[in-house]
Amino acid sequence: MSELAERAAKLDGCDPLQGRRDLFDLDDGVIYLDGNSLGALPRHVPARVADVLTRQWGRMRIRSWTEEGWWEAPERIGERIAPLIGAAPGHVVVGDSTSVNVFRAVVSALRMTPGRSEILFDATTFPTDGYIAASAARMTGATVRAVDPAEVAKSLTDDTAVVLLNHVDYRSGRLHDMGALTEAVHNAGARVVWDLSHSAGALPVDITGHNVDFAVGCTYKYLNGGPGAPAFFAVRPDLLPQLDQPLGGWCSHREPFAMDTEYVAAEGIAKARAGTPEIVSLLTLDAALDVWDGVDLHQLREKSLALTGFFEECVKELAPAARSVTPEIRGSQVSLSCVDAERVMGELVNRGVVGDHRPPDLLRFGFTPLYTRFADALRAAEILGEILA
Ligand SMILES: Cc1ncc(COP(=O)(O)O)c(C=O)c1O
Ligand SMILES: Nc1c(O)cccc1C(=O)C[C@H](N)C(=O)O
């Protein structure tokens, strides 16, 4: 056994999260390192969704809105996500996509900063955030500027209304300093919106401790909510009373079933809803969140850092033609730069190592701590080495 294989076995043997892997439906012959794009299916979810379809919808039909708690599902599931992102209870709601929630948060923040008209957004962001920020600017008469996160502090002006940032960079895996950046934005009198798509479920997040104004994020990555699972939206408790979100619909009305022609927003976090909730997707996510019961997020973080660090060591030794571009202060992914990355990822996938290619030259690997083993990291690096040799 090689020295790396011995270490992998030892690390897997003493992994406090090792039992969690059995909760997921994974194939023996596949090393799945793409949970940062689409998380794996927890084994118990299909039966729960079957119940939603056949009994709740099939037999109970419309009674399920009240008797199965469908109506309150967006807030109830938000309550389950709150501890994973450090949100205050009662201040997270689930529904719509991340793109829609970025829009909701950015426009809400603009409405809280009258007299200011500039939106700054992370120049390295996953493109949808930039597109939405630009559209929000066009609709409101604001201006928009892309800024590298390292330059945010010196780019803030008296006119900055809102700053839209990513907690973890989707390409490099860099983890941004939520505390320092939020403080800088607040010192300039602006509001901050954090996109937690690549940190929720990947590491402990503390939006309350960092005084974050708004947070949004995906639930189909590290939260394993399934393809197209609805996104979350969180607001700082003291901002909730003044929240005036741009997509208020009948489901965020104070009395939805009064069907009044005049809009009066609900009082609690329900005011961040819009229309009929995506019940099947929401309840799929609800079931999937069970895998988090009892997980210590600090143990999760420890394992994630150990896994990504071990993978980099393996790559250095076994696949030296690839070079990590992921800084030490990171989320739960490693991105490697190499020649002909698209073809290399294609070959990796053909050989059972599933990551993704991000143009032009990156191989991106997500290390979901709940189900990835150190042995997987080693085997992925071995196969990469064989392809690159
Ligand atoms: C940082 C980030 N924000 C938003 C999204 C997209 O959100 P959605 O397609 O769910 O609207 C992604 C990935 O798809 C992402 O990586
Ligand atoms: N949302 C996705 C989809 O519907 C298909 C393929 C990929 C995705 C992704 O989530 C991409 C992802 N945000 C990324 O970080 O690259």
# chains A, B, ... in the order shown; residues from 1 in each chain; ligands from 1

$ residues_around --residues "Asn166 (chain A)" --least-positions-apart "6" --cutoff "8 Å" --atoms "only C-alpha atoms" --output "list of chain:residue names"
A:Asp122, A:Thr125, A:His176, A:Trp194, A:Asp195, A:Leu196, A:Ser197

$ write_last_selection --atoms "N, CA and C atoms" --output "mmCIF file, in the first residue's frame"
data_model
loop_
_atom_site.group_PDB
_atom_site.id
_atom_site.type_symbol
_atom_site.label_atom_id
_atom_site.label_comp_id
_atom_site.auth_asym_id
_atom_site.auth_seq_id
_atom_site.Cartn_x
_atom_site.Cartn_y
_atom_site.Cartn_z
ATOM 1 N N ASP A 122 -19.908 41.567 -7.428
ATOM 2 C CA ASP A 122 -18.702 40.757 -7.517
ATOM 3 C C ASP A 122 -18.376 40.445 -8.985
ATOM 4 N N THR A 125 -18.353 36.797 -10.126
ATOM 5 C CA THR A 125 -19.540 36.016 -9.760
ATOM 6 C C THR A 125 -19.987 35.031 -10.828
ATOM 7 N N HIS A 176 -14.603 34.224 0.696
ATOM 8 C CA HIS A 176 -14.440 35.645 1.000
ATOM 9 C C HIS A 176 -14.756 35.931 2.455
ATOM 10 N N TRP A 194 -25.442 38.706 0.260
ATOM 11 C CA TRP A 194 -24.491 37.599 0.054
ATOM 12 C C TRP A 194 -25.182 36.444 -0.648
ATOM 13 N N ASP A 195 -24.535 35.933 -1.693
ATOM 14 C CA ASP A 195 -24.986 34.711 -2.354
ATOM 15 C C ASP A 195 -24.205 33.549 -1.717
ATOM 16 N N LEU A 196 -24.942 32.695 -1.012
ATOM 17 C CA LEU A 196 -24.316 31.597 -0.262
ATOM 18 C C LEU A 196 -24.404 30.265 -1.009
ATOM 19 N N SER A 197 -24.635 30.330 -2.320
ATOM 20 C CA SER A 197 -24.862 29.087 -3.067
ATOM 21 C C SER A 197 -23.756 28.056 -2.866
#

$ residues_around --residues "Ala190 (chain A)" --least-positions-apart "6" --cutoff "8 Å" --atoms "only C-alpha atoms" --output "PyMOL selection string"
chain A and resi 113+160-163

$ write_last_selection --atoms "N, CA and C atoms" --output "PDB file, in the first residue's frame"
ATOM      1  N   THR A 113     -32.212  52.230   0.734  1.00  0.00           N
ATOM      2  CA  THR A 113     -31.110  53.201   0.712  1.00  0.00           C
ATOM      3  C   THR A 113     -31.482  54.365  -0.211  1.00  0.00           C
ATOM      4  N   THR A 160     -23.022  54.432  -3.114  1.00  0.00           N
ATOM      5  CA  THR A 160     -23.233  52.976  -3.160  1.00  0.00           C
ATOM      6  C   THR A 160     -24.458  52.623  -2.332  1.00  0.00           C
ATOM      7  N   ALA A 161     -25.388  51.947  -2.982  1.00  0.00           N
ATOM      8  CA  ALA A 161     -26.621  51.537  -2.287  1.00  0.00           C
ATOM      9  C   ALA A 161     -26.519  50.096  -1.811  1.00  0.00           C
ATOM     10  N   VAL A 162     -26.024  49.246  -2.697  1.00  0.00           N
ATOM     11  CA  VAL A 162     -26.016  47.813  -2.392  1.00  0.00           C
ATOM     12  C   VAL A 162     -24.809  47.130  -3.031  1.00  0.00           C
ATOM     13  N   VAL A 163     -24.291  46.156  -2.298  1.00  0.00           N
ATOM     14  CA  VAL A 163     -23.152  45.385  -2.798  1.00  0.00           C
ATOM     15  C   VAL A 163     -23.555  43.907  -2.778  1.00  0.00           C
TER      16      VAL A 163
END

$ residues_around --residues "Val94 (chain A)" --least-positions-apart "3" --cutoff "6 Å" --atoms "only C-alpha atoms" --output "VMD selection string"
chain A and resid 74 78 231 to 232

$ write_last_selection --atoms "N, CA and C atoms" --output "tab-separated table (two decimals), in the first residue's frame"
chain	number	residue	atom	x	y	z
A	74	PRO	N	-42.89	27.01	2.85
A	74	PRO	CA	-41.74	27.90	2.59
A	74	PRO	C	-41.09	28.42	3.87
A	78	GLY	N	-37.61	27.02	5.59
A	78	GLY	CA	-36.65	28.09	5.89
A	78	GLY	C	-36.10	27.94	7.30
A	231	ALA	N	-34.76	28.06	-3.92
A	231	ALA	CA	-33.67	28.75	-3.23
A	231	ALA	C	-34.17	29.36	-1.91
A	232	PHE	N	-33.22	29.81	-1.10
A	232	PHE	CA	-33.62	30.48	0.15
A	232	PHE	C	-33.32	31.98	0.08

$ closest_atom_pairs --of "chain A" --to "ligand 1" --cutoff "10 Å" --atoms "only C-alpha atoms and all ligand atoms" --output "Markdown table"
| residue | atom | partner | partner_atom_place_in_ligand_line | distance |
| --- | --- | --- | --- | --- |
| A:Asn36 | CA | ligand 1 | 16 (O) | 8.3 |
| A:Ser37 | CA | ligand 1 | 13 (C) | 7.0 |
| A:Leu38 | CA | ligand 1 | 14 (O) | 9.3 |
| A:Asp96 | CA | ligand 1 | 11 (O) | 8.0 |
| A:Ser97 | CA | ligand 1 | 11 (O) | 4.3 |
| A:Thr98 | CA | ligand 1 | 11 (O) | 3.8 |
| A:Ser99 | CA | ligand 1 | 11 (O) | 3.6 |
| A:Val100 | CA | ligand 1 | 11 (O) | 6.4 |
| A:Asn101 | CA | ligand 1 | 11 (O) | 7.9 |
| A:Val102 | CA | ligand 1 | 4 (C) | 8.1 |
| A:Thr124 | CA | ligand 1 | 1 (C) | 9.7 |
| A:Thr125 | CA | ligand 1 | 1 (C) | 6.4 |
| A:Phe126 | CA | ligand 1 | 1 (C) | 4.9 |
| A:Pro127 | CA | ligand 1 | 3 (N) | 7.7 |
| A:Thr128 | CA | ligand 1 | 4 (C) | 6.0 |
| A:Asp129 | CA | ligand 1 | 3 (N) | 6.2 |
| A:Gly130 | CA | ligand 1 | 3 (N) | 9.6 |
| A:Ile132 | CA | ligand 1 | 11 (O) | 9.9 |
| A:Leu165 | CA | ligand 1 | 1 (C) | 8.9 |
| A:Asn166 | CA | ligand 1 | 1 (C) | 6.2 |
| A:His167 | CA | ligand 1 | 1 (C) | 8.3 |
| A:Val168 | CA | ligand 1 | 1 (C) | 7.7 |
| A:Asp169 | CA | ligand 1 | 1 (C) | 7.2 |
| A:Tyr170 | CA | ligand 1 | 16 (O) | 5.6 |
| A:Arg171 | CA | ligand 1 | 16 (O) | 8.8 |
| A:Trp194 | CA | ligand 1 | 1 (C) | 9.4 |
| A:Asp195 | CA | ligand 1 | 1 (C) | 5.9 |
| A:Leu196 | CA | ligand 1 | 1 (C) | 6.9 |
| A:Ser197 | CA | ligand 1 | 1 (C) | 5.0 |
| A:His198 | CA | ligand 1 | 1 (C) | 6.3 |
| A:Ser199 | CA | ligand 1 | 1 (C) | 9.3 |
| A:Val216 | CA | ligand 1 | 3 (N) | 8.4 |
| A:Gly217 | CA | ligand 1 | 3 (N) | 6.5 |
| A:Cys218 | CA | ligand 1 | 10 (O) | 5.6 |
| A:Thr219 | CA | ligand 1 | 10 (O) | 8.2 |
| A:Tyr220 | CA | ligand 1 | 10 (O) | 8.1 |
| A:Lys221 | CA | ligand 1 | 13 (C) | 8.5 |
| A:Pro227 | CA | ligand 1 | 10 (O) | 9.3 |
| A:Gly228 | CA | ligand 1 | 10 (O) | 6.7 |
| A:Ala229 | CA | ligand 1 | 10 (O) | 7.8 |
| A:Pro230 | CA | ligand 1 | 10 (O) | 7.3 |
| A:Ala231 | CA | ligand 1 | 10 (O) | 6.5 |
| A:Phe232 | CA | ligand 1 | 10 (O) | 9.9 |

$ write_last_selection --atoms "C-alpha atoms" --output "PDB file, in the first residue's frame"
ATOM      1  CA  ASN A  36     -21.303  21.681  -5.800  1.00  0.00           C
ATOM      2  CA  SER A  37     -23.414  21.623  -8.955  1.00  0.00           C
ATOM      3  CA  LEU A  38     -26.027  18.976  -8.097  1.00  0.00           C
ATOM      4  CA  ASP A  96     -38.241  30.630  -6.387  1.00  0.00           C
ATOM      5  CA  SER A  97     -34.728  30.310  -7.824  1.00  0.00           C
ATOM      6  CA  THR A  98     -31.547  31.934  -6.599  1.00  0.00           C
ATOM      7  CA  SER A  99     -31.664  34.294  -9.579  1.00  0.00           C
ATOM      8  CA  VAL A 100     -35.141  35.484  -8.547  1.00  0.00           C
ATOM      9  CA  ASN A 101     -34.032  35.877  -4.944  1.00  0.00           C
ATOM     10  CA  VAL A 102     -30.987  37.891  -5.996  1.00  0.00           C
ATOM     11  CA  THR A 124     -15.971  37.102 -10.410  1.00  0.00           C
ATOM     12  CA  THR A 125     -19.540  36.016  -9.760  1.00  0.00           C
ATOM     13  CA  PHE A 126     -21.494  33.216 -11.359  1.00  0.00           C
ATOM     14  CA  PRO A 127     -22.948  35.201 -14.270  1.00  0.00           C
ATOM     15  CA  THR A 128     -26.600  35.144 -13.259  1.00  0.00           C
ATOM     16  CA  ASP A 129     -25.957  37.497 -10.315  1.00  0.00           C
ATOM     17  CA  GLY A 130     -24.364  40.092 -12.604  1.00  0.00           C
ATOM     18  CA  ILE A 132     -29.804  40.267 -12.498  1.00  0.00           C
ATOM     19  CA  LEU A 165     -21.140  39.337  -3.157  1.00  0.00           C
ATOM     20  CA  ASN A 166     -20.459  35.615  -3.283  1.00  0.00           C
ATOM     21  CA  HIS A 167     -19.310  33.869  -0.152  1.00  0.00           C
ATOM     22  CA  VAL A 168     -17.371  31.252  -2.145  1.00  0.00           C
ATOM     23  CA  ASP A 169     -16.179  31.904  -5.689  1.00  0.00           C
ATOM     24  CA  TYR A 170     -17.735  29.278  -7.958  1.00  0.00           C
ATOM     25  CA  ARG A 171     -14.620  28.992 -10.126  1.00  0.00           C
ATOM     26  CA  TRP A 194     -24.491  37.599   0.054  1.00  0.00           C
ATOM     27  CA  ASP A 195     -24.986  34.711  -2.354  1.00  0.00           C
ATOM     28  CA  LEU A 196     -24.316  31.597  -0.262  1.00  0.00           C
ATOM     29  CA  SER A 197     -24.862  29.087  -3.067  1.00  0.00           C
ATOM     30  CA  HIS A 198     -21.386  27.583  -2.636  1.00  0.00           C
ATOM     31  CA  SER A 199     -21.143  27.846   1.147  1.00  0.00           C
ATOM     32  CA  VAL A 216     -29.740  34.063  -0.781  1.00  0.00           C
ATOM     33  CA  GLY A 217     -28.595  30.727  -2.128  1.00  0.00           C
ATOM     34  CA  CYS A 218     -29.187  27.441  -3.901  1.00  0.00           C
ATOM     35  CA  THR A 219     -30.416  24.306  -2.177  1.00  0.00           C
ATOM     36  CA  TYR A 220     -29.582  21.817  -4.939  1.00  0.00           C
ATOM     37  CA  LYS A 221     -25.824  21.872  -4.349  1.00  0.00           C
ATOM     38  CA  PRO A 227     -32.576  19.438  -9.508  1.00  0.00           C
ATOM     39  CA  GLY A 228     -34.253  22.829  -9.543  1.00  0.00           C
ATOM     40  CA  ALA A 229     -34.855  22.801  -5.788  1.00  0.00           C
ATOM     41  CA  PRO A 230     -36.110  26.212  -4.630  1.00  0.00           C
ATOM     42  CA  ALA A 231     -33.674  28.753  -3.228  1.00  0.00           C
ATOM     43  CA  PHE A 232     -33.621  30.485   0.147  1.00  0.00           C
TER      44      PHE A 232
END

$ closest_residue --among "A:Tyr222, A:Phe257, A:Phe311, A:Phe233" --to "ligand 2" --atoms "only C-alpha atoms and all ligand atoms"
A:Tyr222

$ residues_around --residues "Ile269 (chain A)" --least-positions-apart "2" --cutoff "6 Å" --atoms "only C-alpha atoms" --output "number ranges by chain"
A: 91, 271-272

$ residues_around --residues "region 279-296 of chain A" --least-positions-apart "3" --cutoff "7 Å" --atoms "only C-alpha atoms" --output "PyMOL selection string"
chain A and resi 42+45+48-49+70+77+223-226+229-230+299-300

$ closest_residue --among "A:Gly39, A:Cys338, A:Thr308, A:Ala234" --to "ligand 2" --atoms "only C-alpha atoms and all ligand atoms"
A:Gly39

$ residues_around --residues "Glu328 (chain A)" --least-positions-apart "5" --cutoff "9 Å" --atoms "only C-alpha atoms" --output "short mmCIF file (atom, residue, chain, number, x, y, z; two decimals) with N, CA and C atoms, in the first residue's frame"
data_model
loop_
_atom_site.label_atom_id
_atom_site.label_comp_id
_atom_site.auth_asym_id
_atom_site.auth_seq_id
_atom_site.Cartn_x
_atom_site.Cartn_y
_atom_site.Cartn_z
N ARG A 174 -12.41 30.24 -3.78
CA ARG A 174 -11.97 31.18 -2.74
C ARG A 174 -13.13 31.54 -1.81
N LEU A 175 -12.82 31.55 -0.50
CA LEU A 175 -13.83 31.95 0.50
C LEU A 175 -13.58 33.41 0.85
N LEU A 305 -11.77 20.68 4.87
CA LEU A 305 -10.42 21.24 4.66
C LEU A 305 -9.40 20.12 4.53
N GLY A 309 -7.34 19.48 1.07
CA GLY A 309 -5.88 19.55 1.21
C GLY A 309 -5.24 18.24 0.79
#

$ closest_residue --among "A:Arg273, A:Leu84, A:Gly35, A:Val353" --to "ligand 2" --atoms "only C-alpha atoms and all ligand atoms"
A:Gly35

$ atom_distance --atom1 "CA of Ala73 (chain A)" --atom2 "CA of Ala87 (chain A)"
17.4 Å

$ select_by_dssp --residues "region 147-227 of chain A" --states "helix (DSSP H, G or I)" --output "list in words"
Pro149, Ala150, Glu151, Val152, Ala153, Lys154, Ser155, Met178, Gly179, Ala180, Leu181, Thr182, Glu183, Ala184, Val185, His186 and Asn187 of chain A

$ write_last_selection --atoms "N, CA and C atoms" --output "PDB file, in the first residue's frame"
ATOM      1  N   PRO A 149     -13.858  41.342  -5.575  1.00  0.00           N
ATOM      2  CA  PRO A 149     -14.104  41.398  -4.123  1.00  0.00           C
ATOM      3  C   PRO A 149     -12.937  42.018  -3.345  1.00  0.00           C
ATOM      4  N   ALA A 150     -11.720  41.830  -3.818  1.00  0.00           N
ATOM      5  CA  ALA A 150     -10.562  42.409  -3.112  1.00  0.00           C
ATOM      6  C   ALA A 150     -10.576  43.928  -3.183  1.00  0.00           C
ATOM      7  N   GLU A 151     -11.329  44.467  -4.139  1.00  0.00           N
ATOM      8  CA  GLU A 151     -11.338  45.929  -4.348  1.00  0.00           C
ATOM      9  C   GLU A 151     -12.598  46.582  -3.780  1.00  0.00           C
ATOM     10  N   VAL A 152     -13.444  45.793  -3.146  1.00  0.00           N
ATOM     11  CA  VAL A 152     -14.734  46.345  -2.709  1.00  0.00           C
ATOM     12  C   VAL A 152     -14.545  47.524  -1.763  1.00  0.00           C
ATOM     13  N   ALA A 153     -13.701  47.333  -0.745  1.00  0.00           N
ATOM     14  CA  ALA A 153     -13.579  48.378   0.286  1.00  0.00           C
ATOM     15  C   ALA A 153     -13.219  49.717  -0.351  1.00  0.00           C
ATOM     16  N   LYS A 154     -12.275  49.717  -1.291  1.00  0.00           N
ATOM     17  CA  LYS A 154     -11.889  51.016  -1.872  1.00  0.00           C
ATOM     18  C   LYS A 154     -12.810  51.484  -2.997  1.00  0.00           C
ATOM     19  N   SER A 155     -13.764  50.659  -3.376  1.00  0.00           N
ATOM     20  CA  SER A 155     -14.686  51.068  -4.450  1.00  0.00           C
ATOM     21  C   SER A 155     -15.973  51.690  -3.919  1.00  0.00           C
ATOM     22  N   MET A 178     -16.602  37.306   5.019  1.00  0.00           N
ATOM     23  CA  MET A 178     -17.951  37.867   5.180  1.00  0.00           C
ATOM     24  C   MET A 178     -17.984  38.981   6.220  1.00  0.00           C
ATOM     25  N   GLY A 179     -17.249  38.796   7.316  1.00  0.00           N
ATOM     26  CA  GLY A 179     -17.267  39.791   8.392  1.00  0.00           C
ATOM     27  C   GLY A 179     -16.673  41.113   7.937  1.00  0.00           C
ATOM     28  N   ALA A 180     -15.466  41.059   7.373  1.00  0.00           N
ATOM     29  CA  ALA A 180     -14.767  42.301   6.997  1.00  0.00           C
ATOM     30  C   ALA A 180     -15.502  43.020   5.867  1.00  0.00           C
ATOM     31  N   LEU A 181     -15.974  42.267   4.878  1.00  0.00           N
ATOM     32  CA  LEU A 181     -16.641  42.911   3.742  1.00  0.00           C
ATOM     33  C   LEU A 181     -17.977  43.518   4.159  1.00  0.00           C
ATOM     34  N   THR A 182     -18.705  42.795   5.005  1.00  0.00           N
ATOM     35  CA  THR A 182     -19.999  43.338   5.455  1.00  0.00           C
ATOM     36  C   THR A 182     -19.769  44.621   6.249  1.00  0.00           C
ATOM     37  N   GLU A 183     -18.748  44.599   7.090  1.00  0.00           N
ATOM     38  CA  GLU A 183     -18.470  45.792   7.900  1.00  0.00           C
ATOM     39  C   GLU A 183     -18.094  46.982   7.005  1.00  0.00           C
ATOM     40  N   ALA A 184     -17.278  46.711   5.996  1.00  0.00           N
ATOM     41  CA  ALA A 184     -16.875  47.804   5.083  1.00  0.00           C
ATOM     42  C   ALA A 184     -18.101  48.385   4.378  1.00  0.00           C
ATOM     43  N   VAL A 185     -18.988  47.514   3.932  1.00  0.00           N
ATOM     44  CA  VAL A 185     -20.186  47.987   3.222  1.00  0.00           C
ATOM     45  C   VAL A 185     -21.051  48.821   4.179  1.00  0.00           C
ATOM     46  N   HIS A 186     -21.202  48.336   5.391  1.00  0.00           N
ATOM     47  CA  HIS A 186     -22.017  49.082   6.367  1.00  0.00           C
ATOM     48  C   HIS A 186     -21.369  50.420   6.728  1.00  0.00           C
ATOM     49  N   ASN A 187     -20.062  50.432   6.853  1.00  0.00           N
ATOM     50  CA  ASN A 187     -19.391  51.701   7.178  1.00  0.00           C
ATOM     51  C   ASN A 187     -19.610  52.744   6.095  1.00  0.00           C
TER      52      ASN A 187
END

$ closest_residue --among "A:Ser117, A:Thr157, A:Thr261, A:Gln242" --to "Ala142 (chain A)" --atoms "only C-alpha atoms"
A:Ser117

$ select_by_dssp --residues "region 322-368 of chain A" --states "strand (DSSP E)" --output "list in words"
Arg323, Ser324, Gln333, Val334, Ser335, Leu336, Ser337, Val353, Val354, Asp356, His357, Arg358, Leu362, Leu363, Arg364, Phe365 and Gly366 of chain A

$ write_last_selection --atoms "C-alpha atoms" --output "compact mmCIF listing (two decimals), in the first residue's frame"
# COMPACT_ATOMS: atom_id res chain seq x y z
CA ARG A 323 -2.08 22.88 -10.79
CA SER A 324 -4.46 23.91 -8.04
CA GLN A 333 -13.90 22.54 -3.70
CA VAL A 334 -10.60 22.35 -5.53
CA SER A 335 -10.14 23.75 -9.02
CA LEU A 336 -7.21 22.59 -11.08
CA SER A 337 -5.84 24.33 -14.13
CA VAL A 353 -14.65 10.58 -11.83
CA VAL A 354 -17.40 13.17 -12.10
CA ASP A 356 -17.03 19.64 -14.07
CA HIS A 357 -15.19 21.80 -16.52
CA ARG A 358 -15.39 25.56 -16.21
CA LEU A 362 -10.48 24.60 -15.07
CA LEU A 363 -11.29 21.16 -13.75
CA ARG A 364 -13.62 21.76 -10.81
CA PHE A 365 -14.10 19.20 -8.06
CA GLY A 366 -16.60 19.60 -5.22

$ atom_distance --atom1 "CA of Arg373 (chain A)" --atom2 "CA of Gly352 (chain A)"
15.0 Å

$ residues_around --residues "His253 (chain A)" --least-positions-apart "2" --cutoff "7 Å" --atoms "only C-alpha atoms" --output "list in words"
Gly249, Trp250, Cys251, Glu255, Pro256, Tyr263, Val264, Ala265, Ala266 and Lys271 of chain A

$ closest_residue --among "A:Val107, A:Ala8, A:Leu243, A:Met259" --to "Ala377 (chain A)" --atoms "only C-alpha atoms"
A:Ala8

$ atom_distance --atom1 "CA of Pro327 (chain A)" --atom2 "CA of Ser172 (chain A)"
7.5 Å

$ closest_residue --among "A:Arg43, A:Asp28, A:Gly173, A:Ile387" --to "ligand 2" --atoms "only C-alpha atoms and all ligand atoms"
A:Gly173
